[in-house]
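Q: This is the structure, below, for whatever I ask next.
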Amino acid sequence: MSSYKTQAIIINRLNLGESDKILTLFSPDYGKIRAVAKGSRRTKSKFGGHTELFSLVELIISTGKNLDIVSEANLLKNFLANSPDIDKVKSAYYFGEIISKLLPDGSANKEVYDLYLYCLNNINVTDIRLLQLVFIARILKNLGIYPELSNCVKCEQKPDKSDIRFSKSAGGILDADCALHFGDSESTNEDTVKLWRYVAESLLENTLKISANPETVISANKLAIEYIHCVTMIDYKSLRVLS
């Protein structure tokens, strides 16, 4: 049986039998991995507190026929160790759920890994709605399902700054005339659209340094959450809680 070593973030856990857990891991080298931590639910397990959700761990994993097997686990950082408020816990679940449902198993995506690690590292020290917006906007861009936020998605002209609409089904912003063709179009504003573009296109380390009006952050985050739900057609359990 061959083995490999990697760092990974634990994004999900599922009980297996009486004493085991199936871990869903997100690694910069191997992408999403599902592996069994045998005996990890026993009181005197060798894994101890090394398999907590949303922890960064260093692992040695043995390849298995159906599921890989965690041979060793060493905790590097528990991002929720400081007991953040409930909105931050829900956000950690939400980020993990998006990765779990949108990314394929066994396909490395270093950009999304770095994004996820950045968001978890900042989960206790920043505006949680802005953090959610950063995560959604950048993962949409990485996966090629980012909305059109510069010109009207239908006529390709710049909408009047005083009357910008957004449609999930159209896939971006619309001018007032084109919005008549889409029943789900809703009014938005230039600041909301500019904020969304900024967090998607700037250097990752600069995204949380912006000073934005709290109402603009709330507005952009709401549109982003609704949009990712629409375009992926996936029912995110944590999305319902956040909304």
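Here's how to read the names in the structure tokens: chain A, B, ... by the order shown, residue numbers from 1 in each chain, ligand numbers from 1 in the order shown.
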Can you pull out every residue from segment 41-148 of chain A that DSSP, working from the backbone, puts in helix (DSSP H, G or I), and format the result as a ChimeraX atom specification?
A: /A:86-102,110-121,128-142
Q: Per residue of segment 29-59 of chain A within 10 Å of segment 96-110 of chain A, what are the shortest atom pair and its distance in Å to one decimal, counting only C-alpha atoms, with rows by chain and residue number, as a Markdown table?
A:
```
| residue | atom | partner | partner_atom | distance |
| --- | --- | --- | --- | --- |
| A:Asp29 | CA | A:Ala108 | CA | 5.6 |
| A:Tyr30 | CA | A:Ala108 | CA | 4.8 |
| A:Gly31 | CA | A:Ala108 | CA | 3.8 |
| A:Lys32 | CA | A:Asp105 | CA | 4.7 |
| A:Ile33 | CA | A:Asp105 | CA | 6.0 |
| A:Arg34 | CA | A:Asp105 | CA | 8.0 |
| A:Leu53 | CA | A:Gly96 | CA | 9.6 |
| A:Phe54 | CA | A:Gly96 | CA | 8.1 |
```
Q: Kindly export the residues of the current selection with C-alpha atoms, as an mmCIF file, in the first residue's frame.
A:
```
data_model
loop_
_atom_site.group_PDB
_atom_site.id
_atom_site.type_symbol
_atom_site.label_atom_id
_atom_site.label_comp_id
_atom_site.auth_asym_id
_atom_site.auth_seq_id
_atom_site.Cartn_x
_atom_site.Cartn_y
_atom_site.Cartn_z
ATOM 1 C CA ASP A 29 -1.412 19.210 -3.761
ATOM 2 C CA TYR A 30 -4.251 16.717 -4.306
ATOM 3 C CA GLY A 31 -7.441 18.767 -4.174
ATOM 4 C CA LYS A 32 -10.415 17.245 -2.396
ATOM 5 C CA ILE A 33 -9.696 13.905 -0.696
ATOM 6 C CA ARG A 34 -11.962 11.549 1.237
ATOM 7 C CA LEU A 53 -13.439 20.567 11.506
ATOM 8 C CA PHE A 54 -11.836 23.564 9.771
#
```
Q: Could the residues of segment 198-217 of chain A that have an atom at most 9 Å from segment 172-191 of chain A be listed as a Markdown table, each with its closest atom pair and the distance in Å to one decimal, counting only C-alpha atoms and ordered by chain and ascending residue number?
A:
```
| residue | atom | partner | partner_atom | distance |
| --- | --- | --- | --- | --- |
| A:Ala212 | CA | A:Asp191 | CA | 8.9 |
| A:Asn213 | CA | A:Asp191 | CA | 8.9 |
| A:Thr216 | CA | A:Asp191 | CA | 6.7 |
```
Q: Within 8 Å of segment 126-141 of chain A, which residues of segment 23-110 of chain A come that close, and what is the closest atom pair and distance in Å for each? Count only C-alpha atoms and give it as JSON lines.
A:
```
{"residue": "A:Asp87", "atom": "CA", "partner": "A:Ile128", "partner_atom": "CA", "distance": 7.5}
{"residue": "A:Lys88", "atom": "CA", "partner": "A:Ile128", "partner_atom": "CA", "distance": 6.6}
{"residue": "A:Ser91", "atom": "CA", "partner": "A:Gln132", "partner_atom": "CA", "distance": 7.1}
{"residue": "A:Phe95", "atom": "CA", "partner": "A:Phe135", "partner_atom": "CA", "distance": 7.4}
```
Q: Quick one: write out the picked residues with N, CA and C atoms as a PDB file, in the first residue's frame?
A:
```
ATOM      1  N   ASP A  87     -22.131  33.516  13.567  1.00  0.00           N
ATOM      2  CA  ASP A  87     -22.097  33.868  12.146  1.00  0.00           C
ATOM      3  C   ASP A  87     -20.780  33.435  11.509  1.00  0.00           C
ATOM      4  N   LYS A  88     -19.706  33.487  12.269  1.00  0.00           N
ATOM      5  CA  LYS A  88     -18.411  33.081  11.732  1.00  0.00           C
ATOM      6  C   LYS A  88     -18.307  31.557  11.628  1.00  0.00           C
ATOM      7  N   SER A  91     -20.246  30.656   8.597  1.00  0.00           N
ATOM      8  CA  SER A  91     -19.499  30.996   7.386  1.00  0.00           C
ATOM      9  C   SER A  91     -18.443  29.947   7.079  1.00  0.00           C
ATOM     10  N   PHE A  95     -18.300  28.007   3.493  1.00  0.00           N
ATOM     11  CA  PHE A  95     -17.152  27.925   2.599  1.00  0.00           C
ATOM     12  C   PHE A  95     -16.806  26.463   2.312  1.00  0.00           C
TER      13      PHE A  95
END
```
Q: Assign secondary structure with DSSP using the backbone only, and return the residues of segment 94-243 of chain A in strand (DSSP E) as a list in words.
A: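 Of segment 94-243 of chain A, the ones in strand (DSSP E) are Ile164, Arg165, Phe166, Ser167, Gly172, Ile173, Leu174, Glu186, Ser187 and Thr188 of chain A.
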Q: For atom CA of Lys90 of chain A and atom CA of Ser219 of chain A, quote the distance in Å rounded to one decimal.
A: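 Straight-line distance from atom CA of Lys90 of chain A to atom CA of Ser219 of chain A works out to 19.1 Å.
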Q: Identify, on the basis of only C-alpha atoms, every residue whose closest approach to segment 18-22 of chain A does not exceed 12 Å; exclude the query and any residue fewer than 6 positions from it along the same chain; express the result as number ranges by chain.
A: A: 10-12, 33-45, 47, 51-53, 66-70
